[in-house]
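J.: Structure supplied as work11.cif; contents: mmCIF, C-alpha atoms and all ligand atoms.
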```cif
data_protein
#
loop_
_atom_site.label_atom_id
_atom_site.label_comp_id
_atom_site.auth_asym_id
_atom_site.auth_seq_id
_atom_site.Cartn_x
_atom_site.Cartn_y
_atom_site.Cartn_z
CA MET A 1 -41.25 35.36 21.27
CA SER A 2 -38.01 33.59 22.11
CA ARG A 3 -37.90 29.85 22.69
CA LYS A 4 -37.40 28.68 26.26
CA VAL A 5 -35.53 25.90 27.98
CA LEU A 6 -36.44 25.31 31.62
CA VAL A 7 -33.63 24.51 34.04
CA THR A 8 -35.45 22.79 36.92
CA ASP A 9 -32.50 23.02 39.34
CA HIS A 10 -28.71 22.96 39.35
CA VAL A 11 -25.69 22.95 41.65
CA PHE A 12 -23.34 25.06 39.51
CA ALA A 13 -21.85 28.51 40.07
CA ASP A 14 -23.70 29.84 37.02
CA LEU A 15 -25.31 28.80 33.73
CA GLU A 16 -23.01 30.74 31.38
CA THR A 17 -21.89 27.62 29.50
CA GLU A 18 -25.49 26.66 28.75
CA ARG A 19 -26.38 30.24 27.73
CA SER A 20 -23.40 30.48 25.37
CA LEU A 21 -24.52 27.32 23.59
CA LEU A 22 -28.27 27.95 23.50
CA GLU A 23 -28.60 31.69 22.89
CA PRO A 24 -27.13 31.56 19.35
CA HIS A 25 -30.13 29.34 18.53
CA GLY A 26 -32.57 31.91 19.88
CA VAL A 27 -33.13 29.94 23.07
CA GLU A 28 -33.52 31.63 26.45
CA LEU A 29 -32.91 29.81 29.74
CA THR A 30 -35.35 30.09 32.63
CA LEU A 31 -34.67 28.71 36.09
CA ALA A 32 -37.57 27.22 38.08
CA ASP A 33 -38.19 28.94 41.43
CA GLU A 34 -39.35 25.73 43.14
CA VAL A 35 -39.01 22.05 42.29
CA ASP A 36 -42.25 20.64 43.68
CA GLU A 37 -44.55 18.99 41.15
CA ASP A 38 -47.09 21.83 40.85
CA SER A 39 -44.38 24.47 40.41
CA LEU A 40 -42.66 22.48 37.67
CA VAL A 41 -45.98 21.80 35.90
CA ALA A 42 -46.55 25.56 35.81
CA ALA A 43 -42.97 26.47 34.93
CA VAL A 44 -42.69 24.10 31.97
CA ALA A 45 -45.82 25.47 30.27
CA ASP A 46 -43.92 27.57 27.71
CA ALA A 47 -40.73 25.50 27.36
CA GLU A 48 -39.33 23.49 24.46
CA GLY A 49 -36.67 21.68 26.44
CA MET A 50 -35.66 20.89 30.01
CA LEU A 51 -32.34 20.64 31.83
CA VAL A 52 -32.69 18.65 35.06
CA CYS A 53 -30.28 18.07 37.90
CA TYR A 54 -31.82 16.41 41.02
CA ALA A 55 -35.42 17.67 40.73
CA LYS A 56 -38.04 14.94 40.48
CA VAL A 57 -39.76 14.85 37.10
CA PRO A 58 -42.79 12.60 37.67
CA GLU A 59 -45.50 11.74 35.17
CA ALA A 60 -47.52 14.93 35.79
CA VAL A 61 -44.53 17.11 34.91
CA VAL A 62 -43.75 15.00 31.84
CA GLU A 63 -47.40 15.33 30.73
CA ALA A 64 -47.27 19.11 31.13
CA ALA A 65 -43.96 19.20 29.27
CA ALA A 66 -45.39 17.15 26.40
CA ASP A 67 -48.45 19.40 26.20
CA ALA A 68 -46.11 22.41 25.99
CA GLY A 69 -44.15 20.82 23.14
CA VAL A 70 -40.99 19.92 25.05
CA LYS A 71 -38.77 17.83 22.78
CA VAL A 72 -35.98 16.88 25.17
CA ILE A 73 -35.35 16.37 28.87
CA SER A 74 -31.60 16.53 29.37
CA ARG A 75 -30.33 15.15 32.68
CA TYR A 76 -27.20 16.68 34.14
CA GLY A 77 -25.60 13.42 35.21
CA ILE A 78 -25.31 9.65 35.08
CA GLY A 79 -28.35 8.38 37.02
CA PHE A 80 -31.84 9.19 35.69
CA ASP A 81 -33.98 7.65 38.41
CA ASN A 82 -35.51 11.08 39.18
CA ILE A 83 -37.22 11.20 35.76
CA ASP A 84 -40.26 9.14 34.75
CA ILE A 85 -38.68 7.64 31.62
CA ASP A 86 -41.73 5.50 30.72
CA ALA A 87 -43.96 8.57 30.74
CA ALA A 88 -41.47 10.48 28.57
CA THR A 89 -41.26 7.58 26.12
CA ARG A 90 -45.07 7.32 25.92
CA ARG A 91 -45.28 11.02 25.13
CA GLY A 92 -42.42 10.93 22.59
CA ILE A 93 -39.96 13.06 24.58
CA VAL A 94 -36.34 11.99 24.35
CA VAL A 95 -34.47 11.89 27.66
CA THR A 96 -30.70 12.30 27.50
CA TYR A 97 -27.95 11.85 30.08
CA VAL A 98 -24.20 12.22 30.37
CA PRO A 99 -23.08 8.76 31.45
CA ASP A 100 -19.30 9.08 31.56
CA TYR A 101 -18.19 12.59 32.50
CA CYS A 102 -17.09 11.87 36.07
CA LEU A 103 -16.19 8.20 36.42
CA ASP A 104 -12.66 9.02 37.61
CA GLU A 105 -13.92 11.63 40.07
CA VAL A 106 -16.43 9.26 41.71
CA ALA A 107 -13.86 6.46 41.87
CA ASP A 108 -11.31 8.85 43.43
CA HIS A 109 -13.90 10.11 45.92
CA THR A 110 -14.79 6.52 46.83
CA LEU A 111 -11.14 5.71 47.58
CA GLY A 112 -10.86 8.99 49.49
CA LEU A 113 -13.78 7.99 51.71
CA LEU A 114 -12.53 4.42 52.06
CA LEU A 115 -9.07 5.60 53.12
CA GLY A 116 -10.56 8.33 55.31
CA LEU A 117 -12.45 5.62 57.21
CA THR A 118 -9.94 2.78 57.25
CA ARG A 119 -6.96 5.00 58.14
CA GLY A 120 -9.10 6.95 60.62
CA ILE A 121 -7.97 10.20 58.98
CA VAL A 122 -11.14 12.25 59.37
CA ASP A 123 -11.68 11.19 62.98
CA ALA A 124 -8.03 11.92 63.86
CA ASP A 125 -8.22 15.34 62.22
CA ARG A 126 -11.32 16.17 64.29
CA ASP A 127 -9.39 15.16 67.44
CA VAL A 128 -6.39 17.30 66.54
CA ARG A 129 -8.66 20.28 65.89
CA ARG A 130 -10.07 19.77 69.40
CA GLY A 131 -6.53 20.04 70.80
CA GLU A 132 -5.75 16.33 71.15
CA TRP A 133 -2.61 14.61 69.87
CA ALA A 134 -2.80 10.81 70.21
CA VAL A 135 -2.42 7.87 67.84
CA PRO A 136 -5.89 6.26 67.57
CA GLN A 137 -5.55 2.84 69.20
CA GLY A 138 -7.27 -0.36 68.15
CA THR A 139 -9.15 0.85 65.08
CA VAL A 140 -6.71 1.09 62.16
CA HIS A 141 -5.80 -2.10 60.25
CA ARG A 142 -3.17 -2.71 57.56
CA LEU A 143 -4.97 -2.31 54.22
CA GLN A 144 -2.88 -4.92 52.39
CA GLY A 145 -4.99 -8.09 52.28
CA ARG A 146 -8.21 -6.56 53.69
CA ARG A 147 -11.23 -7.84 51.81
CA LEU A 148 -13.20 -5.26 49.83
CA ALA A 149 -16.62 -6.10 48.34
CA VAL A 150 -17.40 -4.02 45.26
CA ILE A 151 -21.12 -4.18 44.47
CA GLY A 152 -21.72 -3.28 40.81
CA ALA A 153 -18.86 -3.59 38.33
CA GLY A 154 -19.89 -1.03 35.72
CA GLY A 155 -18.03 2.14 34.76
CA ILE A 156 -17.29 3.37 38.28
CA GLY A 157 -17.05 -0.03 40.02
CA ARG A 158 -14.27 -1.08 37.62
CA LYS A 159 -12.28 2.08 38.27
CA VAL A 160 -12.67 1.55 42.01
CA ILE A 161 -11.40 -2.02 41.61
CA ALA A 162 -8.28 -0.84 39.74
CA ARG A 163 -7.51 1.78 42.40
CA ALA A 164 -8.19 -0.57 45.33
CA GLN A 165 -5.95 -3.24 43.79
CA ALA A 166 -3.07 -0.75 43.90
CA PHE A 167 -3.59 -0.46 47.67
CA GLY A 168 -3.43 -4.25 48.06
CA PHE A 169 -7.08 -4.92 48.92
CA GLU A 170 -8.28 -8.46 48.24
CA ILE A 171 -11.35 -7.82 46.11
CA VAL A 172 -14.60 -9.67 45.67
CA ALA A 173 -17.05 -8.18 43.17
CA TYR A 174 -20.76 -8.81 42.73
CA ASP A 175 -22.60 -7.92 39.53
CA PRO A 176 -25.08 -10.57 38.31
CA PHE A 177 -25.80 -8.66 35.10
CA ILE A 178 -22.34 -9.08 33.57
CA GLU A 179 -22.44 -12.08 31.28
CA GLU A 180 -18.75 -12.48 30.46
CA TRP A 181 -16.62 -11.90 33.54
CA ASN A 182 -13.42 -10.28 32.26
CA LEU A 183 -12.29 -8.83 35.59
CA ASP A 184 -9.25 -10.24 37.33
CA VAL A 185 -10.99 -10.36 40.71
CA GLU A 186 -13.04 -13.00 42.51
CA ARG A 187 -16.71 -13.00 41.55
CA ALA A 188 -19.43 -13.52 44.16
CA ASP A 189 -22.55 -15.44 43.10
CA THR A 190 -24.81 -13.65 45.56
CA ILE A 191 -24.73 -10.33 47.36
CA GLU A 192 -24.88 -12.19 50.70
CA GLU A 193 -21.67 -14.02 49.74
CA ALA A 194 -19.97 -10.70 48.88
CA PHE A 195 -21.12 -9.09 52.14
CA ALA A 196 -20.46 -12.05 54.45
CA GLU A 197 -16.65 -11.88 54.79
CA ALA A 198 -16.02 -8.31 53.67
CA ASP A 199 -13.90 -5.89 55.74
CA ALA A 200 -15.14 -3.05 53.53
CA ILE A 201 -18.10 -2.65 51.18
CA THR A 202 -18.58 -0.10 48.41
CA LEU A 203 -21.74 0.30 46.31
CA HIS A 204 -21.68 1.17 42.59
CA VAL A 205 -25.15 0.23 41.33
CA PRO A 206 -27.98 2.37 39.95
CA MET A 207 -31.00 3.18 42.08
CA SER A 208 -34.06 1.04 41.31
CA GLU A 209 -36.88 -0.42 43.42
CA GLU A 210 -35.00 -3.75 43.54
CA ASN A 211 -31.83 -2.04 44.74
CA ARG A 212 -33.49 0.21 47.36
CA HIS A 213 -32.11 -0.62 50.84
CA MET A 214 -29.64 -3.21 49.55
CA VAL A 215 -27.89 -2.36 52.82
CA SER A 216 -30.58 -2.74 55.51
CA ARG A 217 -30.95 -4.11 59.03
CA GLY A 218 -31.41 -7.56 57.48
CA SER A 219 -28.32 -7.47 55.26
CA ILE A 220 -26.12 -5.88 57.94
CA ALA A 221 -27.05 -8.73 60.29
CA LYS A 222 -25.38 -11.16 57.84
CA MET A 223 -22.08 -9.23 57.67
CA ASN A 224 -19.63 -11.16 59.82
CA ARG A 225 -16.61 -8.83 59.98
CA ALA A 226 -18.10 -5.47 61.04
CA PRO A 227 -17.11 -3.90 57.72
CA VAL A 228 -16.81 -0.24 56.82
CA LEU A 229 -19.43 0.86 54.30
CA VAL A 230 -18.99 3.42 51.52
CA ASN A 231 -21.82 4.68 49.31
CA THR A 232 -21.12 7.13 46.50
CA SER A 233 -24.00 5.90 44.29
CA ARG A 234 -27.52 6.78 45.39
CA GLY A 235 -28.79 7.47 48.90
CA PRO A 236 -31.75 5.07 49.06
CA LEU A 237 -29.44 2.08 48.49
CA VAL A 238 -28.59 2.34 52.21
CA GLU A 239 -31.17 2.38 55.01
CA MET A 240 -29.60 5.28 56.85
CA ASP A 241 -31.16 4.65 60.27
CA ALA A 242 -30.02 1.02 60.10
CA ALA A 243 -26.47 2.19 59.26
CA ALA A 244 -26.48 4.55 62.26
CA GLU A 245 -27.73 1.79 64.58
CA ALA A 246 -25.10 -0.60 63.22
CA LEU A 247 -22.32 1.91 63.93
CA GLU A 248 -23.60 2.25 67.47
CA SER A 249 -23.84 -1.54 68.01
CA GLY A 250 -20.50 -2.24 66.30
CA ALA A 251 -22.07 -4.25 63.45
CA LEU A 252 -20.46 -1.72 61.08
CA SER A 253 -17.13 -0.16 62.02
CA GLY A 254 -17.41 2.89 59.77
CA VAL A 255 -19.88 4.51 57.37
CA ALA A 256 -19.02 7.03 54.65
CA LEU A 257 -21.85 8.42 52.55
CA ASP A 258 -21.63 10.90 49.70
CA VAL A 259 -25.34 10.34 49.07
CA THR A 260 -28.15 9.99 51.60
CA GLU A 261 -31.82 8.94 51.57
CA GLU A 262 -32.80 12.55 52.14
CA GLU A 263 -30.43 15.20 50.78
CA PRO A 264 -29.35 16.99 52.85
CA PRO A 265 -29.85 14.53 55.74
CA PRO A 266 -31.85 15.83 58.74
CA LEU A 267 -29.78 18.12 60.98
CA ASP A 268 -30.40 15.84 63.97
CA HIS A 269 -29.50 12.60 62.19
CA PRO A 270 -27.07 10.60 64.40
CA LEU A 271 -24.70 9.99 61.47
CA ARG A 272 -23.96 13.72 61.38
CA ARG A 273 -22.37 13.40 64.82
CA HIS A 274 -20.90 9.91 64.90
CA PRO A 275 -17.08 9.87 65.03
CA ARG A 276 -16.89 6.83 62.72
CA ALA A 277 -19.09 8.42 60.04
CA ILE A 278 -18.04 10.64 57.15
CA LEU A 279 -20.65 12.55 55.18
CA THR A 280 -19.95 14.54 52.02
CA PRO A 281 -22.58 16.63 50.16
CA HIS A 282 -23.18 14.54 47.00
CA MET A 283 -19.97 15.83 45.47
CA GLY A 284 -18.46 12.62 44.08
CA PHE A 285 -19.03 13.86 40.53
CA TYR A 286 -17.32 17.15 41.14
CA SER A 287 -14.10 18.48 39.74
CA ILE A 288 -13.75 21.77 37.90
CA GLU A 289 -13.13 19.84 34.69
CA ALA A 290 -15.98 17.34 35.16
CA GLN A 291 -18.50 20.07 35.94
CA GLN A 292 -17.54 22.09 32.84
CA GLU A 293 -17.86 18.96 30.72
CA LEU A 294 -21.24 18.12 32.28
CA GLN A 295 -22.76 21.55 31.69
CA ARG A 296 -21.45 21.66 28.11
CA ARG A 297 -22.56 18.16 27.15
CA ALA A 298 -26.03 18.43 28.75
CA ALA A 299 -26.65 21.73 26.90
CA GLU A 300 -25.31 20.32 23.62
CA GLU A 301 -27.93 17.56 23.83
CA VAL A 302 -30.65 20.22 24.07
CA VAL A 303 -29.21 22.05 21.06
CA ARG A 304 -29.15 18.81 19.05
CA ALA A 305 -32.75 17.97 19.92
CA LEU A 306 -34.01 21.50 19.16
CA THR A 307 -32.17 21.69 15.83
CA GLY A 308 -33.41 18.31 14.61
CA GLU A 309 -30.18 16.37 15.17
CA ALA A 310 -30.12 13.03 16.97
CA PRO A 311 -28.93 13.30 20.59
CA ASP A 312 -25.62 11.70 21.47
CA ARG A 313 -26.76 9.79 24.58
CA PRO A 314 -30.50 9.07 24.60
CA VAL A 315 -31.87 7.05 27.53
CA ASN A 316 -34.95 6.07 25.47
CA PRO A 317 -33.71 5.80 21.85
CA GLU A 318 -36.99 4.11 20.87
CA VAL A 319 -38.53 7.60 20.81
CA LEU A 320 -36.12 8.59 18.02
CA ALA A 321 -36.84 5.46 16.01
CA ALA A 322 -40.58 6.19 16.20
CA SER A 323 -40.31 9.82 15.05
N1 LIG A 401 -21.87 10.60 43.88
C1 LIG A 401 -21.98 11.13 42.68
O1 LIG A 401 -21.80 12.35 42.50
C2 LIG A 401 -22.28 10.25 41.51
C3 LIG A 401 -21.84 10.65 40.25
C4 LIG A 401 -22.06 9.82 39.17
C5 LIG A 401 -22.72 8.60 39.33
N2 LIG A 401 -23.17 8.25 40.56
C6 LIG A 401 -23.87 6.96 40.74
O2 LIG A 401 -22.92 5.90 40.64
C7 LIG A 401 -23.64 4.68 40.34
C8 LIG A 401 -22.84 3.80 39.40
O3 LIG A 401 -22.58 4.49 38.20
P1 LIG A 401 -21.85 3.75 36.96
O4 LIG A 401 -21.50 4.80 35.98
O5 LIG A 401 -20.80 2.82 37.43
O6 LIG A 401 -23.09 2.90 36.39
P2 LIG A 401 -23.03 1.66 35.37
O7 LIG A 401 -24.39 1.58 34.78
O8 LIG A 401 -21.84 1.77 34.47
O9 LIG A 401 -22.78 0.41 36.33
C9 LIG A 401 -23.72 -0.04 37.25
C10 LIG A 401 -23.51 -1.54 37.39
O10 LIG A 401 -24.35 -2.00 38.46
C11 LIG A 401 -24.79 -3.30 38.10
N3 LIG A 401 -25.94 -3.62 38.95
C12 LIG A 401 -27.22 -3.17 38.86
N4 LIG A 401 -27.96 -3.69 39.89
C13 LIG A 401 -27.12 -4.45 40.61
C14 LIG A 401 -27.28 -5.23 41.79
N5 LIG A 401 -28.45 -5.32 42.42
N6 LIG A 401 -26.20 -5.88 42.28
C15 LIG A 401 -24.99 -5.80 41.66
N7 LIG A 401 -24.78 -5.10 40.54
C16 LIG A 401 -25.84 -4.43 40.02
C17 LIG A 401 -25.07 -3.22 36.61
O11 LIG A 401 -25.05 -4.50 36.03
C18 LIG A 401 -23.91 -2.34 36.14
O12 LIG A 401 -22.80 -3.14 35.70
C19 LIG A 401 -25.01 5.16 39.85
O13 LIG A 401 -25.95 4.96 40.91
C20 LIG A 401 -24.87 6.63 39.64
O14 LIG A 401 -26.10 7.29 39.83
C21 LIG A 401 -22.95 9.04 41.65
#
```
In C-alpha cells, how does this file's structure come out?
T.:
Amino acid sequence: MSRKVLVTDHVFADLETERSLLEPHGVELTLADEVDEDSLVAAVADAEGMLVCYAKVPEAVVEAAADAGVKVISRYGIGFDNIDIDAATRRGIVVTYVPDYCLDEVADHTLGLLLGLTRGIVDADRDVRRGEWAVPQGTVHRLQGRRLAVIGAGGIGRKVIARAQAFGFEIVAYDPFIEEWNLDVERADTIEEAFAEADAITLHVPMSEENRHMVSRGSIAKMNRAPVLVNTSRGPLVEMDAAAEALESGALSGVALDVTEEEPPPLDHPLRRHPRAILTPHMGFYSIEAQQELQRRAAEEVVRALTGEAPDRPVNPEVLAAS
C-alpha cells in the first residue's frame, strides 16, 4: 500500500509540483473533499503527512493525525494560526511553514492598496466604467509628508516602510517586541500613539488572541485624522463591521482589505459596495514565482520529514529535539 499525504485544501491551479517531489518517495497525494473538523478527522486516518493551506487544524484533527502516524504538518504559508501548534507539539508532530517566500509580494500589494485608496484610483476607475469622466474633488491629498503608521515591523512591515519612504510618507512604526530599534523611522511607544495622528494605517502583525480586533470601534474612535486603513495580514485583526460603520460616519476615509474576518466576506456586507473600500481575495502572497516557490518548499518539508531529515523551517523545533 502506498504512503499518503493529505492535502487539506489549496488555492493553486494544480498539485503537480508536490506530486513530482513526493511520488519518487512512494508517496501519493490525496485531497480532502471537505475541511470541517469531522471530515478532516476521517480523511487523515491513513496519512503520514499533511499539507495545509487555510483549513483549520484543531486539536481533534491533530489527535487523529497523531493516531494515524502523521509525522509532519506542512503549512503552505507564513501564518500558522489555523493549526493547533500546542496539540501538535504534545503529540510529537513537527509543524513546518514557509516564512519568507512572498514578503516582496505582500509589501507590493500593500502599497498597491494604499495608493489605490489615497490616489482614489479604484473609485475613479469604477466611475469611468460607468461612463463618467470627472476629476474626483476633495478626496485626494499629496502623499509627500502624509503620516503612515506601520503596525508590526517584521519581514513585511520593514519592506513596506522602505517602499513608503520612497513615496515620501512620514512614517511612525509600532512594534513593542523589537528590542534594538535599527529602523530609521520614528518609533511609537503605544499603538494608540501610532494611530492618533496617522493619515494612513497598515497592519503587519500575526493573528493572535491579543491582536484580534486591534482595529475596533474603540480604537477607531481615538484616530484623529480619519485615516485610510490597509490590512494585508489577517482578517480578524480588523472588526469589519466597525470599519464599515467608520467609513459611513467619516471616521475612516478609506478601507482596503486583502483579508477579512470571514473569507470570502458575506455577499451583503456593506464594504463590498462602499466606494471608498477596496477588497481583494487574500492574494497578497501571490505571484507566479512566489506560488511555485511555496508549493515546492512546503512539499520539500514533507519529503524531509518522511525521509528522516530535519525540516528546514519547523514552527515547533522542540519536537525534533525530543525525538
Ligand atoms: N495577505 C497575504 O497573502 C499574506 C501573505 C503572507 C503573510 N501574511 C501575513 O502578514 C503578517 C506579517 O507577516 P511577517 O512575515 O511580516 O511576520 P513577522 O513575524 O516577520 O513580523 C510580525 C511582526 O509583528 C510584531 N507584532 C506582533 N504583535 C504585535 C502587536 N500587537 N503590535 C505591534 N507589533 C506586533 C512582531 O514583533 C513582528 O516583528 C502575518 O499576519 C502573516 O500571516 C499575509
J.: Show me, as a list in words, the residues that have an atom within 6 Å of stretch 106-115 of chain A when counting all atoms listed in the file, minus same-chain residues fewer than 6 positions from it.
T.: Ile156, Lys159, Val160, Gly284 and Phe285 of chain A
J.: Compare A:Ala244, A:Ile83, A:Ile191, A:Leu306 by their minimum atom-to-atom distance to ligand LIG 401 (chain A), counting all atoms listed in the file, and give me the closest one.
T.: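 Selected residue with least distance to ligand LIG 401 (chain A): A:Ile191.
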J.: Rounded to one decimal, what separation in Å do you get between atom CA of A:Gly145 and atom CA of A:Val172?
T.: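 Atom CA of A:Val172 lies 11.8 Å from atom CA of A:Gly145.
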J.: List every residue of chain A that has an atom at most 7 Å from any atom of ligand LIG 401 (chain A), giving for each one its closest atom pair and the distance in Å to one decimal, counting all atoms listed in the file, sorted by chain and then by ascending residue number, as CSV.
T.:
```
residue,atom,partner,partner_atom,distance
A:Gly77,CA,A:LIG401,C4,6.4
A:Ile78,CA,A:LIG401,C5,5.1
A:Gly79,CA,A:LIG401,O14,3.8
A:Pro99,CA,A:LIG401,O4,6.2
A:Asp100,CA,A:LIG401,O4,6.5
A:Cys102,CA,A:LIG401,C4,6.2
A:Leu103,CA,A:LIG401,O4,6.3
A:Val106,CA,A:LIG401,C3,5.8
A:Ile151,CA,A:LIG401,C15,5.0
A:Gly152,CA,A:LIG401,N7,3.6
A:Ala153,CA,A:LIG401,O12,4.8
A:Gly154,CA,A:LIG401,O9,3.3
A:Gly155,CA,A:LIG401,O8,3.8
A:Ile156,CA,A:LIG401,O5,3.7
A:Gly157,CA,A:LIG401,O5,5.4
A:Tyr174,CA,A:LIG401,C15,5.3
A:Asp175,CA,A:LIG401,N7,3.7
A:Pro176,CA,A:LIG401,C15,5.8
A:Phe177,CA,A:LIG401,O11,4.3
A:Ile178,CA,A:LIG401,O11,5.9
A:Ile191,CA,A:LIG401,N6,6.9
A:His204,CA,A:LIG401,C8,4.3
A:Val205,CA,A:LIG401,O10,3.7
A:Pro206,CA,A:LIG401,O13,3.4
A:Met207,CA,A:LIG401,O13,5.5
A:Glu210,CA,A:LIG401,N5,6.8
A:Asn211,CA,A:LIG401,N5,5.3
A:Thr232,CA,A:LIG401,N1,4.4
A:Ser233,CA,A:LIG401,C6,3.7
A:Arg234,CA,A:LIG401,O13,5.1
A:Asp258,CA,A:LIG401,N1,5.8
A:Val259,CA,A:LIG401,N1,6.2
A:His282,CA,A:LIG401,O1,5.2
A:Met283,CA,A:LIG401,O1,4.9
A:Gly284,CA,A:LIG401,O1,3.7
A:Phe285,CA,A:LIG401,O1,3.7
A:Tyr286,CA,A:LIG401,O1,6.7
```
J.: What's around A:Pro311 at 10 Å? Count only C-alpha atoms, leave out sequence neighbours fewer than 6 positions away in its own chain, and write the answer as a JSON list (two decimals) with C-alpha atoms, in the frame of the given file.
T.:
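Output file result-v8.json follows:
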```json
[["chain", "number", "residue", "atom", "x", "y", "z"],
["A", 72, "VAL", "CA", -35.98, 16.88, 25.17],
["A", 74, "SER", "CA", -31.60, 16.53, 29.37],
["A", 94, "VAL", "CA", -36.34, 11.99, 24.35],
["A", 95, "VAL", "CA", -34.47, 11.89, 27.66],
["A", 96, "THR", "CA", -30.70, 12.30, 27.50],
["A", 97, "TYR", "CA", -27.95, 11.85, 30.08],
["A", 300, "GLU", "CA", -25.31, 20.32, 23.62],
["A", 301, "GLU", "CA", -27.93, 17.56, 23.83],
["A", 302, "VAL", "CA", -30.65, 20.22, 24.07],
["A", 303, "VAL", "CA", -29.21, 22.05, 21.06],
["A", 304, "ARG", "CA", -29.15, 18.81, 19.05],
["A", 305, "ALA", "CA", -32.75, 17.97, 19.92],
["A", 317, "PRO", "CA", -33.71, 5.80, 21.85],
["A", 320, "LEU", "CA", -36.12, 8.59, 18.02]]
```
J.: Can you tell me how far atom CA of A:Asn316 sits from atom CA of A:Ala290, in Å to one decimal?
T.: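 Straight-line distance from atom CA of A:Asn316 to atom CA of A:Ala290 works out to 24.1 Å.
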J.: Skip stretch 260-269 of chain A itself and residues of its chain fewer than 4 positions away, then list as a list in words all residues within 9 Å of it, counting all atoms listed in the file.
T.: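 Counting only the stated atoms, we get Asn231, Arg234, Gly235, Pro236, Leu237, Val238, Glu239, Met240, Asp241, Ala244, Arg273, Leu279, Pro281 and His282 of chain A.
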J.: Suppose you want the space between atom CA of A:Met214 and atom CA of A:Leu252; what is it in Å?
T.: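 Rounded to one decimal, the two atoms are 14.8 Å apart.
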J.: Using only C-alpha atoms, find the one residue out of A:Ala88, A:Ala166, A:Cys53, A:Met223 that sits nearest to A:Ala251.
T.: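 Checking each candidate against A:Ala251, we get A:Met223 as the closest.
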J.: Need to verify the contact set: A:Leu229, 7 Å, only C-alpha atoms, exclusion of same-chain residues closer than 3 positions in sequence. Can you return it as a ChimeraX atom specification?
T.: /A:200-202,254-256
J.: Using all atoms listed in the file, pick whichever of A:Glu245, A:Glu28, A:Glu18, A:Asp189 has the shortest atom-to-atom distance to A:Gln291.
T.: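 Distance minimum relative to A:Gln291 lands on A:Glu18.
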J.: Would you mind telling me which residue in A:Leu15, A:Val5, A:Ala322, A:Ala221 lies nearest to A:Arg90 when using only C-alpha atoms?
T.: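 Distance minimum relative to A:Arg90 lands on A:Ala322.
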